[in-house]
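Below you'll find the structure, written out as structure tokens, and then a few comments.
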Amino acid sequence: MEIHLSSRQVLFYFLYLCTCVPMCESIRYSMPEEKKRGFLVANVLKDLKIGVRELFARKAHLVSENTKQYFELDSHSGNMFMKDKIDREALCGQTDPCILYSEIVLENPLQLHRIEVQIEDVNDNSPKFAKSQFLFEISEQTPRNTRFPLERAQDLDKGENAVQNYTLSPNEHFRLDVQSHSDGSKYAELVLEKPLDREKDTQLFLILSAVDGGLPKRTGTAQIIVDVLDANDNFPQFSQSVYKIKLPENSPLDTLVNKIEANDKDLGSYAHITYSFSQVPDNELRLFKLNKETGELTVASPIDYEKSSHFEMNIRATDGGGLSAYCKVIVEVEDRNDNAPEVTISSITSPLSEDSPPDTVVALFRVTDQDSGDNGKTACTINTNTPFMLKATENNHYQLLTQRSLDREKASQYNITITTTDRGSPKLTSTRIINIQISDVNDNLPVFQTTLFEMQLEENNIPGLLIGSVHAVDLDTEQNAKVTYSLLPGKVGDVPASSYISINSETGNLYVLRSLDYEEIKEFQATVRASDSGSPPLSSEVNVRVLIVDENDNAPFILYPLQNSTSPSNDLVPRGSETGYLVTKVVAVDRDTGQNSWLSYELLKATEPGLFTVGAQNGEVKTMRPVNKRDTFKQKLVVVVRDHGHPARSTSATLTILLVEGFSDPYMKIMEIPKDEVVEEEDRSLTMYLIICLAAISFIFLLSLVVFIGIKIQKHRKMIEDDNSTPNFPAGSNFQDNHVDSSTGPPSQAYNYEVCLAGGSLNSEFRFLRPLFPVFSVEPPNPQVNPRNSAGVSQELLSHSGENQLASQARASVSEDSAPRSGGPGCTVNQATGAIVNSGQNDWLSYQ
């Protein structure tokens, strides 16, 4: 609600500001209207003559004298900002100047500073006429210089921004005379300069423009239509030119204000008079209505003295011939006691410490009444049986003081009822209840529910996930019972605990800050401190243990055979192998623990489904039936390894198994291919060059070998004879197969396949002649020698032959705990020396 103080009230208020002890002189500022929220009005530090620290320490705050708070004070900087957009026209209407009153309240000691902010007008409203067209009926006998008052344009702005001038479109009959009222407002009159001639012009159209004085200028227009009438030589006449009337506020609707009468000496229709408003603002048109036939002026809306106490209206009387006369009606509104007193709290201390001494100022408030005279005088009381009393200062200001000691244990709060009554008739009363909280002293520690909090968190969590909460209870009240939580410095390994976990200081909720991996960290601990907000603050601590729960987030990993190897990994199976023959073993591991790391193996796909089987627990690949010659030479198996997690994860391994008559190099394209398999075409010219080179190298090798054997044959004759008589080639079938369950880990040692090349090769293969003399080991076998070193010695001995290259390619080493097997049909393997002896028509080679 907008509040307009009367001159007497303003005078009393300024006397209070000058004489009241805690008050200082008024501080005046000005600002334009229509500024946005947050607009900086002024910095009050210089005018208050205090610093920022003192301003904050004294709890400075702003109290508006209006019912609405338009400004706010930043006690940290002293800046006074706009809290809401101000429209001067809506706030003050036509009142000038438009001033908003506020008070800055400083405590310790209590001091008031009056703030006056003058709202300056900006040109944000254009002049506006009540109607877009005005009709004038003017007799053709109207003499020159006859004046016709025009409707005044309304401009909500004030001063230079209000209407400053009126202009009329060019014409030959009328001119415009602009004049000013006593209040400075402009109005225009239409002056007849040239007599009208109805036979020449029956109707005239003029444009009336109202221009304000703002920058930029704003303009409002209306059309004037002049109807030229026949002769009517008498104007209506009022009994008096000015009517002064007193009207009580809050008069009932349709109350007769006055009856306006005018007479016309003409007869007939020219003597018929109608009444209408002229140059009356819109707000007055809403408050009053005029009977156009009788001239009775009545109340149309409630009249409020506090909004406006004075009205001026022009009444126009028009006869049937279009002649008009004007009079002025002045209405003075008389005040009535229709406003109850209001209590405005300037300062209140709540909560109030129970050890506060007597005469402590608890609250400061002011009592106001919008009425005037005795209707605006008030008296104030509070309820009894409370340890408080009222002390009146000046100008209706009161202090609420303590009159005896307080005891929070007896009463933790008080509801103080302030009753104010005015002296009007009838008396009006209003009440305001102030709640005073009594604060406690800080004498209790926050207490946790338990001495250790244990929480579980699944791995691979989302950062920021709530993992639990801690809670502590403080038996104190208000700020002394307000518990805040914090993490004490600590480390998880070499990393601060604060990088793993955070806590909400208000609720005690614990949040994990990063995604955790059970395989990296199993658990960690942190210490939480609960502190109250008392002075001095009290605190307690508790340990929080977070256990990481494993989840199935790692798929099984294939250790053998490697799936990303660039060189192929083939397994050889001799044709004729019996059921249960161990071909190879799939070895896999899983980084998870418990049930998530239990692995099972399953044959997903096979070239011949009934030929091979896979051990579900150990991953061993064995034959399900004997291997015969009708089985496909090249077998491909897809083995799936699954863990037992939820959901289960799996990995597949692809195995390539070659079925051979005897062991052969799986990477060479020189083995015998069954008749039912298609042999790819090879470059015959390249084969020719390879055969020529091989023949030359073989010749050099044989020549060197003959010379070398001739030199050594005498020295080792006895050893050669012993070896020829009792060859030490143990049968492969006598060796026991050793294998490891997949659950115990990867195989612990490697073994070598010993292969021999069968006869009957294709014409594109390399052929080797059988040596003229058997090759024997020069030194006794040493089981501790690294197989790779032994291979190096063999390669050095065969460095001059092309056969050495083929022998190095025939080595196939795999990781599996299995005993060496026999070289297959037609071959005998020496376990000590690694030599393969062809017992049939096959050529032989020794590979280590």
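Residue names in the structure tokens use chain letters A, B, ... in the order shown, residue numbers from 1 in each chain, and ligand numbers from 1 in the order shown.
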Excluding Leu445 (chain A) and any residue of its chain fewer than 4 positions from it, enumerate the residues within 8 Å of it, using only C-alpha atoms, and give them as an mmCIF file with C-alpha atoms, in the first residue's frame.
data_model
loop_
_atom_site.group_PDB
_atom_site.id
_atom_site.type_symbol
_atom_site.label_atom_id
_atom_site.label_comp_id
_atom_site.auth_asym_id
_atom_site.auth_seq_id
_atom_site.Cartn_x
_atom_site.Cartn_y
_atom_site.Cartn_z
ATOM 1 C CA ASP A 474 24.250 -32.342 20.740
ATOM 2 C CA LEU A 475 22.022 -31.800 23.759
ATOM 3 C CA ASP A 532 29.024 -27.663 17.244
ATOM 4 C CA LEU A 538 33.132 -28.354 21.142
ATOM 5 C CA SER A 539 33.887 -31.412 19.021
ATOM 6 C CA SER A 540 34.269 -35.198 18.996
#
Please, which residues of region 388-636 of chain A, numbered as in this document, come out strand (DSSP E) from DSSP, as a ChimeraX atom specification?
/A:388-392,397-402,413-422,429-439,447-448,452-458,466-469,472-473,483-487,491-492,495-496,501-503,509-512,523-532,539-549,557-560,570-574,582-585,587-589,599-606,612-614,620-623,634-636
Please determine, counting only C-alpha atoms, which residue among A:Leu547, A:Gln240, A:Gln133, A:Leu192 has the shortest atom-to-atom distance to Arg147 (chain A).
A:Leu192
Distance in Å - CA of Ser126 (chain A) versus CA of Ser209 (chain A):
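Those two atoms sit 11.3 Å apart.
Put simply, CA of Ile434 (chain A) is 22.4 Å away from CA of Gln370 (chain A).
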Can you list, as a PyMOL selection string, all residues belonging to region 509-718 of chain A that DSSP tags as alpha helix (DSSP H)?
chain A and resi 684-712+717-718
Using only C-alpha atoms, which residue out of A:Tyr275, A:Phe39, A:Phe205, A:Tyr326 lies closest to Ser239 (chain A)?
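Checking each candidate against Ser239 (chain A), we get A:Tyr326 as the closest.
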Near Ile50 (chain A), within 12 Å and counting only C-alpha atoms, which residues show up once chain neighbours fewer than 4 positions away are dropped, as number ranges by chain?
A: 43-46, 54-58, 60, 75, 77-78, 106
Prev. selection, N, CA and C atoms, output as a short mmCIF file (atom, residue, chain, number, x, y, z; two decimals), in the first residue's frame:
data_model
loop_
_atom_site.label_atom_id
_atom_site.label_comp_id
_atom_site.auth_asym_id
_atom_site.auth_seq_id
_atom_site.Cartn_x
_atom_site.Cartn_y
_atom_site.Cartn_z
N ASN A 43 26.89 4.67 -1.45
CA ASN A 43 27.68 4.04 -0.40
C ASN A 43 27.59 4.91 0.83
N VAL A 44 27.08 4.34 1.91
CA VAL A 44 26.76 5.14 3.10
C VAL A 44 27.93 5.28 4.06
N LEU A 45 29.07 4.68 3.76
CA LEU A 45 30.18 4.70 4.72
C LEU A 45 30.66 6.13 4.99
N LYS A 46 30.79 6.92 3.91
CA LYS A 46 31.29 8.28 4.06
C LYS A 46 30.31 9.13 4.83
N GLU A 54 33.45 -1.59 11.22
CA GLU A 54 32.52 -1.11 12.24
C GLU A 54 31.08 -1.28 11.77
N LEU A 55 30.86 -1.03 10.46
CA LEU A 55 29.51 -1.19 9.93
C LEU A 55 29.03 -2.62 10.10
N PHE A 56 29.89 -3.58 9.83
CA PHE A 56 29.51 -4.99 9.96
C PHE A 56 29.39 -5.40 11.42
N ALA A 57 30.33 -4.88 12.24
CA ALA A 57 30.33 -5.27 13.66
C ALA A 57 29.09 -4.74 14.38
N ARG A 58 28.60 -3.61 13.94
CA ARG A 58 27.43 -3.01 14.61
C ARG A 58 26.12 -3.49 14.00
N ALA A 60 24.69 -3.39 11.03
CA ALA A 60 23.90 -2.36 10.34
C ALA A 60 22.87 -3.02 9.44
N SER A 75 26.02 -4.91 4.48
CA SER A 75 26.82 -4.52 5.64
C SER A 75 28.30 -4.81 5.45
N SER A 77 30.04 -4.00 2.63
CA SER A 77 30.67 -2.95 1.80
C SER A 77 30.09 -1.57 2.04
N GLY A 78 28.91 -1.47 2.67
CA GLY A 78 28.27 -0.18 2.86
C GLY A 78 27.47 0.28 1.67
N LEU A 106 22.08 1.05 13.67
CA LEU A 106 23.38 0.57 14.14
C LEU A 106 23.24 0.16 15.59
#
Residues at most 6 Å from region 644-649 of chain A, counting only C-alpha atoms, excluding those fewer than 2 positions away in the same chain, as an NGL selection string?
:A and (552 or 555 or 595-596 or 598 or 642)
Please identify all polymer residues within 10 Å of Val639 (chain A), counting only C-alpha atoms, omitting same-chain residues fewer than 6 positions from it, and present them as a VMD selection string.
chain A and resid 586 601 to 606 613 to 614 619 621 651 to 655
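Take CA of Asp643 (chain A) and CA of Phe557 (chain A): the distance between them is 10.5 Å.
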Pick out the residues sitting within 12 Å of Leu48 (chain A), and hand them over as a PDB file with N, CA, C and O atoms, in the first residue's frame; count only C-alpha atoms, and ignore anything fewer than 6 positions along from it in its own chain.
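Result went into selection-v6.pdb, see below:
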ATOM      1  N   MET A  23      19.281   9.322  17.263  1.00  0.00           N
ATOM      2  CA  MET A  23      19.168   9.652  15.842  1.00  0.00           C
ATOM      3  C   MET A  23      20.227  10.669  15.449  1.00  0.00           C
ATOM      4  O   MET A  23      20.657  11.498  16.252  1.00  0.00           O
ATOM      5  N   CYS A  24      20.653  10.631  14.201  1.00  0.00           N
ATOM      6  CA  CYS A  24      21.559  11.607  13.606  1.00  0.00           C
ATOM      7  C   CYS A  24      20.810  12.326  12.498  1.00  0.00           C
ATOM      8  O   CYS A  24      19.683  11.983  12.155  1.00  0.00           O
ATOM      9  N   GLU A  25      21.456  13.339  11.914  1.00  0.00           N
ATOM     10  CA  GLU A  25      20.793  14.099  10.867  1.00  0.00           C
ATOM     11  C   GLU A  25      20.548  13.220   9.636  1.00  0.00           C
ATOM     12  O   GLU A  25      21.234  12.220   9.432  1.00  0.00           O
ATOM     13  N   SER A  26      19.568  13.647   8.846  1.00  0.00           N
ATOM     14  CA  SER A  26      19.147  12.853   7.688  1.00  0.00           C
ATOM     15  C   SER A  26      20.226  12.862   6.608  1.00  0.00           C
ATOM     16  O   SER A  26      20.954  13.850   6.424  1.00  0.00           O
ATOM     17  N   ILE A  27      20.310  11.730   5.896  1.00  0.00           N
ATOM     18  CA  ILE A  27      21.221  11.582   4.757  1.00  0.00           C
ATOM     19  C   ILE A  27      20.352  11.512   3.510  1.00  0.00           C
ATOM     20  O   ILE A  27      19.418  10.726   3.450  1.00  0.00           O
ATOM     21  N   ARG A  28      20.653  12.347   2.562  1.00  0.00           N
ATOM     22  CA  ARG A  28      19.796  12.465   1.381  1.00  0.00           C
ATOM     23  C   ARG A  28      20.524  11.943   0.151  1.00  0.00           C
ATOM     24  O   ARG A  28      21.689  12.262  -0.066  1.00  0.00           O
ATOM     25  N   ALA A  42      23.897   4.288  -3.412  1.00  0.00           N
ATOM     26  CA  ALA A  42      24.965   5.086  -2.803  1.00  0.00           C
ATOM     27  C   ALA A  42      25.749   4.181  -1.871  1.00  0.00           C
ATOM     28  O   ALA A  42      25.322   3.072  -1.539  1.00  0.00           O
ATOM     29  N   GLU A  54      33.453  -1.587  11.218  1.00  0.00           N
ATOM     30  CA  GLU A  54      32.520  -1.113  12.237  1.00  0.00           C
ATOM     31  C   GLU A  54      31.081  -1.275  11.771  1.00  0.00           C
ATOM     32  O   GLU A  54      30.198  -1.627  12.546  1.00  0.00           O
ATOM     33  N   LEU A  55      30.863  -1.029  10.465  1.00  0.00           N
ATOM     34  CA  LEU A  55      29.506  -1.187   9.928  1.00  0.00           C
ATOM     35  C   LEU A  55      29.026  -2.622  10.105  1.00  0.00           C
ATOM     36  O   LEU A  55      27.883  -2.866  10.488  1.00  0.00           O
ATOM     37  N   ALA A  60      24.687  -3.388  11.033  1.00  0.00           N
ATOM     38  CA  ALA A  60      23.901  -2.365  10.340  1.00  0.00           C
ATOM     39  C   ALA A  60      22.867  -3.020   9.437  1.00  0.00           C
ATOM     40  O   ALA A  60      23.156  -3.979   8.733  1.00  0.00           O
ATOM     41  N   GLY A  78      28.910  -1.472   2.668  1.00  0.00           N
ATOM     42  CA  GLY A  78      28.275  -0.180   2.855  1.00  0.00           C
ATOM     43  C   GLY A  78      27.469   0.275   1.666  1.00  0.00           C
ATOM     44  O   GLY A  78      26.969   1.394   1.651  1.00  0.00           O
ATOM     45  N   ASN A  79      27.323  -0.563   0.643  1.00  0.00           N
ATOM     46  CA  ASN A  79      26.566  -0.182  -0.550  1.00  0.00           C
ATOM     47  C   ASN A  79      25.077  -0.387  -0.307  1.00  0.00           C
ATOM     48  O   ASN A  79      24.654  -1.393   0.279  1.00  0.00           O
ATOM     49  N   GLU A 103      15.540   4.014   7.446  1.00  0.00           N
ATOM     50  CA  GLU A 103      16.427   4.226   8.585  1.00  0.00           C
ATOM     51  C   GLU A 103      17.503   3.153   8.600  1.00  0.00           C
ATOM     52  O   GLU A 103      17.204   1.976   8.364  1.00  0.00           O
ATOM     53  N   ILE A 104      18.736   3.595   8.836  1.00  0.00           N
ATOM     54  CA  ILE A 104      19.846   2.657   9.049  1.00  0.00           C
ATOM     55  C   ILE A 104      20.021   2.499  10.559  1.00  0.00           C
ATOM     56  O   ILE A 104      20.248   3.475  11.274  1.00  0.00           O
ATOM     57  N   VAL A 105      19.898   1.257  11.018  1.00  0.00           N
ATOM     58  CA  VAL A 105      19.976   0.957  12.452  1.00  0.00           C
ATOM     59  C   VAL A 105      21.358   0.384  12.752  1.00  0.00           C
ATOM     60  O   VAL A 105      21.773  -0.605  12.135  1.00  0.00           O
ATOM     61  N   LEU A 106      22.075   1.045  13.671  1.00  0.00           N
ATOM     62  CA  LEU A 106      23.382   0.565  14.137  1.00  0.00           C
ATOM     63  C   LEU A 106      23.239   0.161  15.595  1.00  0.00           C
ATOM     64  O   LEU A 106      22.594   0.873  16.394  1.00  0.00           O
ATOM     65  N   GLN A 111      21.958   3.246  17.352  1.00  0.00           N
ATOM     66  CA  GLN A 111      21.954   4.555  16.692  1.00  0.00           C
ATOM     67  C   GLN A 111      21.155   4.444  15.406  1.00  0.00           C
ATOM     68  O   GLN A 111      21.231   3.429  14.699  1.00  0.00           O
ATOM     69  N   LEU A 112      20.367   5.475  15.102  1.00  0.00           N
ATOM     70  CA  LEU A 112      19.534   5.500  13.912  1.00  0.00           C
ATOM     71  C   LEU A 112      19.990   6.633  12.997  1.00  0.00           C
ATOM     72  O   LEU A 112      20.288   7.737  13.461  1.00  0.00           O
ATOM     73  N   HIS A 113      20.022   6.344  11.707  1.00  0.00           N
ATOM     74  CA  HIS A 113      20.338   7.347  10.681  1.00  0.00           C
ATOM     75  C   HIS A 113      19.200   7.351   9.669  1.00  0.00           C
ATOM     76  O   HIS A 113      18.892   6.316   9.075  1.00  0.00           O
ATOM     77  N   ARG A 114      18.614   8.488   9.502  1.00  0.00           N
ATOM     78  CA  ARG A 114      17.480   8.605   8.569  1.00  0.00           C
ATOM     79  C   ARG A 114      18.026   8.756   7.146  1.00  0.00           C
ATOM     80  O   ARG A 114      18.942   9.561   6.894  1.00  0.00           O
ATOM     81  N   ILE A 115      17.460   8.014   6.228  1.00  0.00           N
ATOM     82  CA  ILE A 115      17.851   8.045   4.815  1.00  0.00           C
ATOM     83  C   ILE A 115      16.663   8.540   4.010  1.00  0.00           C
ATOM     84  O   ILE A 115      15.560   8.003   4.125  1.00  0.00           O
TER      85      ILE A 115
END
Pick from A:Val242, A:Gln479, A:Leu156, A:Ser505: nearest to Ser535 (chain A), with only C-alpha atoms counted?
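Checking each of A:Val242, A:Gln479, A:Leu156, A:Ser505 against Ser535 (chain A), counting only C-alpha atoms, the winner is A:Gln479.
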What's the 7 Å shell around Leu658 (chain A), counting only C-alpha atoms, without same-chain residues fewer than 5 positions away, as an MDAnalysis selection string?
chainID A and resid 570:573 633:635
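Among the candidate residues A:Ser405, A:Thr219, A:Thr202, A:Ser499, the one lying nearest to Thr167 (chain A) is A:Thr219, with distances computed using only C-alpha atoms.
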